[in-house]
>>> print(open('coords_30.cif').read())   # mmCIF, C-alpha atoms
data_upload
loop_
_atom_site.label_atom_id
_atom_site.label_comp_id
_atom_site.auth_asym_id
_atom_site.auth_seq_id
_atom_site.Cartn_x
_atom_site.Cartn_y
_atom_site.Cartn_z
CA MET A 86 79.56 176.06 164.84
CA ALA A 87 80.96 172.56 164.26
CA THR A 88 84.60 171.85 164.80
CA ILE A 89 86.48 169.89 162.15
CA GLN A 90 89.63 168.24 163.39
CA LEU A 91 91.99 167.12 160.66
CA LYS A 92 95.48 165.79 161.05
CA ARG A 93 97.48 165.97 157.86
CA ARG A 94 100.08 163.50 158.99
CA THR A 95 101.58 161.83 161.98
CA SER A 96 104.48 163.43 163.73
CA THR A 97 106.86 160.85 162.33
CA GLY A 98 105.17 160.74 158.94
CA VAL A 99 105.18 156.93 158.97
CA GLY A 100 102.11 154.81 159.65
CA PRO A 101 99.07 155.77 161.82
CA PHE A 102 99.14 157.56 165.12
CA THR A 103 99.67 154.92 167.83
CA GLY A 104 100.85 154.81 171.45
CA THR A 105 99.67 155.30 175.04
CA SER A 106 98.91 159.03 174.78
CA GLY A 107 96.84 161.27 172.56
CA SER A 108 93.36 160.88 171.07
CA VAL A 109 91.58 160.54 167.75
CA LYS A 110 88.06 161.18 166.53
CA ALA A 111 85.93 158.81 164.46
CA GLY A 112 86.49 159.42 160.76
CA GLU A 113 89.64 161.43 161.38
CA PRO A 114 92.11 160.88 158.49
CA LEU A 115 95.84 160.51 158.97
CA VAL A 116 98.09 160.81 155.93
CA ASP A 117 101.30 158.77 155.76
CA PHE A 118 103.36 160.75 153.27
CA ASN A 119 106.39 158.49 153.56
CA GLY A 120 104.52 155.23 153.31
CA GLY A 121 101.97 156.56 150.81
CA ASP A 122 98.89 155.27 152.71
CA LEU A 123 95.78 156.90 154.26
CA TYR A 124 94.51 155.88 157.70
CA ILE A 125 91.00 156.70 159.01
CA SER A 126 90.19 156.20 162.68
CA LYS A 127 87.29 153.89 163.35
CA ALA A 128 86.03 155.57 166.59
CA ASP A 129 86.75 158.23 169.17
CA LYS A 130 89.52 157.04 171.42
CA ASN A 131 91.76 158.45 174.13
CA ALA A 132 94.99 156.52 174.38
CA SER A 133 96.24 155.27 177.76
CA SER A 134 98.76 152.80 179.02
CA SER A 135 95.98 150.30 179.58
CA ASN A 136 94.25 151.02 176.28
CA PRO A 137 96.84 152.27 173.75
CA LEU A 138 96.12 153.25 170.15
CA GLY A 139 97.12 150.58 167.61
CA THR A 140 96.88 149.96 163.86
CA SER A 141 93.68 148.01 164.46
CA ASP A 142 91.98 151.30 165.42
CA TYR A 143 92.30 152.52 161.83
CA LEU A 144 90.95 151.68 158.42
CA LYS A 145 93.94 151.54 156.06
CA LEU A 146 93.55 152.84 152.50
CA PRO A 147 96.80 152.08 150.63
CA GLY A 148 98.06 154.43 147.93
CA TYR A 149 98.00 153.61 144.23
CA GLU A 150 101.63 152.52 144.00
CA ASN A 151 101.30 150.37 147.12
CA VAL A 152 98.21 148.72 145.64
CA GLN A 153 100.05 147.97 142.40
CA ASN A 154 103.03 146.55 144.27
CA SER A 155 100.78 144.39 146.43
CA ILE A 156 98.97 143.02 143.39
CA GLN A 157 102.23 142.26 141.59
CA SER A 158 103.64 140.58 144.71
CA ALA A 159 100.53 138.42 144.93
CA ILE A 160 100.87 137.48 141.24
CA ASN A 161 104.54 136.64 141.68
CA ALA A 162 103.76 134.51 144.72
CA GLN A 163 101.32 132.45 142.62
CA GLY A 164 103.98 131.79 139.98
CA LEU A 165 101.55 132.72 137.19
CA GLY A 166 102.79 132.62 133.59
CA THR A 167 101.95 134.78 130.60
CA ALA A 168 98.76 132.79 129.92
CA SER A 169 97.25 134.31 133.06
CA LYS A 170 97.17 137.63 131.23
CA LYS A 171 95.20 136.26 128.26
CA ASN A 172 91.45 136.04 127.77
CA VAL A 173 89.59 132.80 127.15
CA GLY A 174 88.31 132.33 123.58
CA ASN A 175 88.97 130.97 120.10
CA GLY A 176 90.44 134.12 118.58
CA ALA A 177 94.01 135.25 118.04
CA GLY A 178 95.88 135.86 121.30
CA GLN A 179 93.24 134.05 123.38
CA VAL A 180 93.47 130.85 125.42
CA PRO A 181 91.16 128.03 124.13
CA LEU A 182 89.34 125.70 126.52
CA LEU A 183 88.95 121.92 126.34
CA ASN A 184 85.54 120.52 125.40
CA SER A 185 83.48 117.99 127.36
CA SER A 186 85.68 115.18 125.96
CA GLY A 187 88.82 116.78 127.33
CA LYS A 188 90.03 117.74 123.86
CA LEU A 189 90.40 120.90 121.82
CA ASN A 190 87.64 121.53 119.30
CA ASP A 191 88.37 120.60 115.68
CA SER A 192 88.05 124.27 114.76
CA ILE A 193 91.13 124.97 116.91
CA VAL A 194 93.28 121.94 116.10
CA PRO A 195 92.04 119.68 113.26
CA LYS A 196 92.17 115.97 114.02
CA ILE A 197 95.32 114.21 112.84
CA ALA A 198 94.90 110.50 112.12
CA MET A 199 97.92 108.28 112.70
CA THR A 200 97.30 105.44 110.24
CA ASN A 201 97.65 101.89 111.54
CA THR A 202 97.50 98.79 109.37
CA PHE A 203 95.59 95.68 110.46
CA VAL A 204 95.80 92.32 108.67
CA VAL A 205 92.53 90.37 108.99
CA ASN A 206 91.11 87.26 107.32
CA SER A 207 87.39 88.09 107.20
CA GLN A 208 84.77 90.85 107.23
CA THR A 209 83.85 89.93 110.79
CA ALA A 210 87.43 90.41 111.93
CA MET A 211 87.58 93.80 110.17
CA LEU A 212 84.39 95.02 111.83
CA GLY A 213 85.76 93.82 115.17
CA LEU A 214 88.84 96.07 115.14
CA THR A 215 88.06 97.85 118.42
CA THR A 216 91.18 100.02 118.27
CA ALA A 217 90.66 101.12 114.66
CA GLN A 218 90.32 104.86 114.13
CA GLU A 219 89.54 107.03 111.13
CA GLY A 220 92.33 106.65 108.57
CA ASP A 221 93.36 103.12 109.63
CA VAL A 222 93.71 100.42 106.95
CA ALA A 223 92.50 96.81 107.07
CA VAL A 224 94.17 94.29 104.74
CA ARG A 225 91.71 91.48 103.93
CA THR A 226 93.63 88.28 103.15
CA ASP A 227 90.37 86.49 102.28
CA LYS A 228 89.72 88.89 99.36
CA ASN A 229 93.21 90.19 98.56
CA LYS A 230 91.85 93.70 99.05
CA SER A 231 92.46 96.61 101.43
CA TYR A 232 89.97 98.95 103.11
CA ILE A 233 90.38 102.32 104.87
CA LEU A 234 88.14 103.50 107.73
CA LYS A 235 86.69 106.76 106.42
CA SER A 236 84.52 107.50 109.49
CA GLU A 237 83.71 105.97 112.84
CA PRO A 238 82.43 103.64 114.20
CA TYR A 239 84.62 100.80 112.94
CA SER A 240 81.78 98.25 113.32
CA VAL A 241 79.75 99.64 110.36
CA LEU A 242 80.68 98.08 107.01
CA SER A 243 79.76 101.19 105.00
CA ASN A 244 82.34 103.17 106.94
CA TRP A 245 85.11 101.09 105.33
CA GLN A 246 86.12 102.28 101.84
CA GLU A 247 87.84 99.83 99.50
CA LEU A 248 91.19 101.09 98.23
CA LEU A 249 91.37 100.96 94.43
CA THR A 250 94.13 98.93 92.79
CA PRO A 251 96.02 100.11 89.67
CA THR A 252 94.06 99.66 86.43
CA ASP A 253 97.12 99.11 84.21
CA SER A 254 97.84 95.57 85.43
CA VAL A 255 97.27 92.53 83.19
CA SER A 256 93.86 91.07 84.03
CA SER A 257 93.96 88.10 81.65
CA VAL A 258 96.09 86.45 78.95
CA ASN A 259 94.23 85.19 75.87
CA GLY A 260 91.09 84.86 78.02
CA LYS A 261 92.89 83.07 80.87
CA THR A 262 93.03 84.51 84.42
CA GLY A 263 94.82 83.53 87.61
CA THR A 264 98.09 81.64 87.32
CA VAL A 265 98.38 81.42 83.52
CA GLN A 266 100.54 78.91 81.62
CA VAL A 267 100.80 79.90 77.96
CA THR A 268 101.44 77.43 75.14
CA LEU A 269 102.14 78.10 71.46
CA SER A 270 98.60 77.08 70.55
CA ASP A 271 97.24 79.64 73.08
CA LEU A 272 99.00 82.32 71.08
CA GLY A 273 97.69 81.04 67.75
CA GLY A 274 100.80 79.07 66.83
CA ALA A 275 101.42 75.37 66.31
CA SER A 276 101.59 73.16 69.38
CA ASN A 277 104.86 71.72 70.63
CA GLN A 278 103.84 68.25 69.53
CA SER A 279 103.01 69.52 66.06
CA LEU A 280 106.50 70.94 65.76
CA ILE A 281 108.04 67.69 67.00
CA ASP A 282 106.00 65.66 64.52
CA HIS A 283 106.93 68.09 61.75
CA ILE A 284 110.64 67.72 62.48
CA ASN A 285 110.49 63.94 62.78
CA ASN A 286 108.68 63.33 59.51
CA GLY A 287 111.04 65.56 57.56
CA THR A 288 108.28 67.38 55.68
CA HIS A 289 110.18 70.65 56.05
CA LEU A 290 113.08 69.33 53.88
CA THR A 291 113.31 69.14 50.12
CA THR A 292 114.18 65.87 48.39
CA ASP A 293 117.65 67.16 47.54
CA GLN A 294 118.25 68.12 51.18
CA LYS A 295 117.13 64.70 52.37
CA ASP A 296 119.54 63.02 49.92
CA LYS A 297 122.43 65.11 51.21
CA LEU A 298 121.64 64.26 54.81
CA ALA A 299 121.33 60.59 53.95
CA GLU A 300 124.86 60.60 52.53
CA LEU A 301 126.40 62.08 55.69
CA GLN A 302 128.39 59.61 57.78
CA ASN A 303 129.88 59.84 61.21
CA THR A 304 133.66 59.73 61.14
CA ALA A 305 136.09 58.95 63.92
CA ILE A 306 139.79 58.12 64.37
CA PHE A 307 140.46 54.99 66.39
CA MET A 308 143.71 53.91 68.05
CA ASN A 309 144.92 50.40 67.05
CA ASP A 310 147.26 48.05 68.91
CA SER A 311 150.41 49.46 67.24
CA ALA A 312 149.84 52.96 68.63
CA SER A 313 150.63 54.24 72.09
CA PHE A 314 148.57 56.74 74.08
CA LYS A 315 150.21 59.74 75.72
CA SER A 316 148.49 61.69 78.46
CA ASP A 317 151.21 64.34 78.83
CA LEU A 318 151.55 66.93 76.05
CA ASP A 319 155.30 67.49 76.52
CA GLU A 320 155.94 63.75 76.42
CA PHE A 321 153.78 63.51 73.29
CA LYS A 322 155.81 66.28 71.55
CA SER A 323 159.12 64.66 72.45
CA GLU A 324 158.25 61.35 70.75
CA ILE A 325 156.76 62.58 67.48
CA ILE A 326 157.80 64.68 64.53
CA TYR A 327 156.24 67.76 66.02
CA GLU A 328 154.48 69.98 63.45
CA GLY A 329 155.24 67.35 60.86
CA LEU A 330 151.78 67.43 59.25
CA VAL A 331 150.52 70.26 57.08
CA LEU A 332 146.70 70.69 56.76
CA TYR A 333 144.60 72.60 54.23
CA GLU A 334 140.90 73.21 54.91
CA THR A 335 138.09 73.99 52.45
CA VAL A 336 134.37 74.43 53.12
CA MET A 337 131.90 73.29 50.49
CA GLY A 338 128.14 73.37 50.19
CA VAL A 339 127.51 76.67 51.97
CA GLY A 340 124.12 77.99 50.89
CA PRO A 341 120.65 79.06 52.03
CA GLY A 342 118.05 76.78 53.59
CA TYR A 343 119.01 73.45 55.10
CA ASP A 344 122.09 72.74 52.93
CA ALA A 345 124.71 71.54 55.41
CA PRO A 346 128.27 72.87 54.86
CA VAL A 347 130.93 70.20 54.44
CA LYS A 348 134.52 70.72 55.55
CA SER A 349 137.26 69.08 53.48
CA TYR A 350 140.86 68.63 54.69
CA SER A 351 144.01 67.91 52.66
CA TYR A 352 147.13 66.97 54.59
CA GLY A 353 150.74 66.03 53.90
CA ILE A 354 154.08 65.66 55.68
CA ASP A 355 156.30 68.71 56.07
CA LYS A 356 159.35 67.88 53.95
CA SER A 357 161.59 69.94 56.18
CA LYS A 358 160.92 67.51 59.00
CA VAL A 359 162.02 64.29 57.21
CA LEU A 360 164.85 62.99 54.95
CA THR A 361 164.33 63.17 51.21
CA PRO A 362 166.60 62.12 48.28
CA SER A 363 167.80 65.73 48.09
CA SER A 364 168.48 66.07 51.84
CA THR A 365 172.05 66.79 52.99
CA ILE A 366 173.47 65.04 56.03
CA ASP A 367 176.32 67.10 57.46
CA GLY A 368 178.39 65.42 60.14
CA GLY A 369 179.99 68.70 61.13
CA THR A 370 183.72 69.37 61.76
CA PHE A 371 186.27 68.45 64.41
#
>>> encode(input="coords_30.cif", output="structure tokens")
Amino acid sequence: MATIQLKRRTSTGVGPFTGTSGSVKAGEPLVDFNGGDLYISKADKNASSSNPLGTSDYLKLPGYENVQNSIQSAINAQGLGTASKKNVGNGAGQVPLLNSSGKLNDSIVPKIAMTNTFVVNSQTAMLGLTTAQEGDVAVRTDKNKSYILKSEPYSVLSNWQELLTPTDSVSSVNGKTGTVQVTLSDLGGASNQSLIDHINNGTHLTTDQKDKLAELQNTAIFMNDSASFKSDLDEFKSEIIYEGLVLYETVMGVGPGYDAPVKSYSYGIDKSKVLTPSSTIDGGTF
């Protein structure tokens, strides 16, 4: 009958059976209840001082908790973040991968165009914008127009879309375009010269109006040799009969059309300012 030798545990209950005495059989299990591991001897061996039993004589099978702790320790040692626990893919909660261009696919992150504006003076210069990307704008000074790059490459003319200008702007004035200078005749009226000629020949006046204008004369008051000129108002007041004249104004000829109004003045000397036959001279009292 076969003999089955089975050790449930070491005498200390920690680690495998080691030392310079004792023996083990190949395949013999040793249970470490304290450490939570299982040790299986690799071969028959009798321990001696010259050939002691060591941990290398056993196959170690760690317990479940020890395995979990070892795995977690290894993860912690790598400094792995939460992304290490996620699967690769394009779905929710997954980690996407870069494509062959080193970028995320458009299905993950749509392209965002940062619009740049380039000022160029020809079509050749526009098609030579090597840094232009989709969404960039080229301002053509040779045509006073602007174009946006709707798709790459920049070197293809059909990839540039002209930007439309507002349709409510004035395109022409009375058939004229560009820098327009409008005269009265352009608007259907009389020319400036026609108006000047009309005023000069007097055809817009009636005969009666012409007669009235012909009778008008320029009037002026001139200073003769017997008068003196004063430049200071206070000095002027001190040497005259101040407020000695009384004026009365009337306006005649006010009417429609070209009838010119005529102002008429009547004036006289204020009798309170001068001596008259009825004036009283009082020398006062002492």
>>> atom_distance(input="coords_30.cif", atom1="CA of Gln218 (chain A)", atom2="CA of Lys235 (chain A)")
8.7 Å
>>> resolve_selection(input="coords_30.cif", expression="the PyMOL selection byres ((chain A and resi 137) around 9)", output="PyMOL selection string")
chain A and resi 103-106+131-136+138-139
>>> resolve_selection(input="coords_30.cif", expression="the PyMOL selection byres ((chain A and resi 241) around 12)", output="list in words")
Gln208, Thr209, Met211, Leu212, Gly213, Leu214, Thr215, Ala217, Leu234, Lys235, Ser236, Glu237, Pro238, Tyr239, Ser240, Leu242, Ser243, Asn244, Trp245 and Gln246 of chain A
>>> atom_distance(input="coords_30.cif", atom1="CA of Gly353 (chain A)", atom2="CA of Thr335 (chain A)")
15.0 Å
>>> atom_distance(input="coords_30.cif", atom1="CA of Phe118 (chain A)", atom2="CA of Lys145 (chain A)")
13.5 Å
>>> resolve_selection(input="coords_30.cif", expression="the PyMOL selection byres ((chain A and resi 230) around 12)", output="list in words")
Val204, Val205, Asn206, Ser207, Gln208, Met211, Val222, Ala223, Val224, Arg225, Thr226, Asp227, Lys228, Asn229, Ser231, Tyr232, Ile233, Trp245, Gln246, Glu247, Leu248, Leu249 and Thr250 of chain A
>>> residues_near_point(input="coords_30.cif", point="(143.8, 70.7, 52.9)", cutoff="7 Å", atoms="all atoms listed in the file", output="list in words")
Leu332, Tyr333, Glu334, Thr335, Ser349, Tyr350, Ser351 and Tyr352 of chain A
>>> residues_around(input="coords_30.cif", residues="Val265 (chain A)", least_positions_apart="6", cutoff="12 Å", atoms="only C-alpha atoms", output="ChimeraX atom specification")
/A:255-259,271
>>> residues_around(input="coords_30.cif", residues="Asn151 (chain A)", least_positions_apart="4", cutoff="12 Å", atoms="all atoms listed in the file", output="ChimeraX atom specification")
/A:119-123,145-147,155-158
>>> build_atoms(input="coords_30.cif", residues="region 197-218 of chain A", atoms="N, CA and C atoms", output="compact mmCIF listing (two decimals), in the frame of the given file")
# COMPACT_ATOMS: atom_id res chain seq x y z
N ILE A 197 94.25 114.82 113.63
CA ILE A 197 95.32 114.21 112.84
C ILE A 197 95.26 112.71 113.06
N ALA A 198 95.02 111.96 112.00
CA ALA A 198 94.90 110.50 112.12
C ALA A 198 96.26 109.85 111.89
N MET A 199 96.71 109.07 112.86
CA MET A 199 97.92 108.28 112.70
C MET A 199 97.49 106.91 112.16
N THR A 200 97.81 106.63 110.90
CA THR A 200 97.30 105.44 110.24
C THR A 200 97.99 104.18 110.74
N ASN A 201 97.17 103.22 111.19
CA ASN A 201 97.65 101.89 111.54
C ASN A 201 97.16 100.90 110.51
N THR A 202 97.88 99.82 110.33
CA THR A 202 97.50 98.79 109.37
C THR A 202 97.20 97.49 110.11
N PHE A 203 96.02 96.93 109.84
CA PHE A 203 95.59 95.68 110.46
C PHE A 203 95.41 94.62 109.37
N VAL A 204 95.95 93.44 109.59
CA VAL A 204 95.80 92.32 108.67
C VAL A 204 94.74 91.38 109.24
N VAL A 205 93.63 91.20 108.53
CA VAL A 205 92.53 90.37 108.99
C VAL A 205 92.15 89.38 107.89
N ASN A 206 91.45 88.31 108.28
CA ASN A 206 91.11 87.26 107.32
C ASN A 206 89.63 87.16 107.02
N SER A 207 88.82 88.14 107.48
CA SER A 207 87.39 88.09 107.20
C SER A 207 86.77 89.45 107.45
N GLN A 208 85.52 89.61 106.98
CA GLN A 208 84.77 90.85 107.23
C GLN A 208 84.47 91.00 108.71
N THR A 209 84.15 89.88 109.36
CA THR A 209 83.85 89.93 110.79
C THR A 209 85.04 90.44 111.59
N ALA A 210 86.23 89.97 111.22
CA ALA A 210 87.43 90.41 111.93
C ALA A 210 87.68 91.89 111.68
N MET A 211 87.38 92.38 110.47
CA MET A 211 87.58 93.80 110.17
C MET A 211 86.63 94.66 110.99
N LEU A 212 85.37 94.24 111.08
CA LEU A 212 84.39 95.02 111.83
C LEU A 212 84.57 94.87 113.34
N GLY A 213 85.49 94.01 113.75
CA GLY A 213 85.76 93.82 115.17
C GLY A 213 87.05 94.48 115.63
N LEU A 214 87.60 95.38 114.79
CA LEU A 214 88.84 96.07 115.14
C LEU A 214 88.52 97.21 116.12
N THR A 215 88.50 96.89 117.40
CA THR A 215 88.06 97.85 118.42
C THR A 215 88.99 99.05 118.55
N THR A 216 90.23 98.90 118.15
CA THR A 216 91.18 100.02 118.27
C THR A 216 91.32 100.82 116.98
N ALA A 217 90.56 100.43 115.95
CA ALA A 217 90.66 101.12 114.66
C ALA A 217 90.08 102.53 114.76
N GLN A 218 90.78 103.48 114.17
CA GLN A 218 90.32 104.86 114.13
C GLN A 218 90.28 105.34 112.68
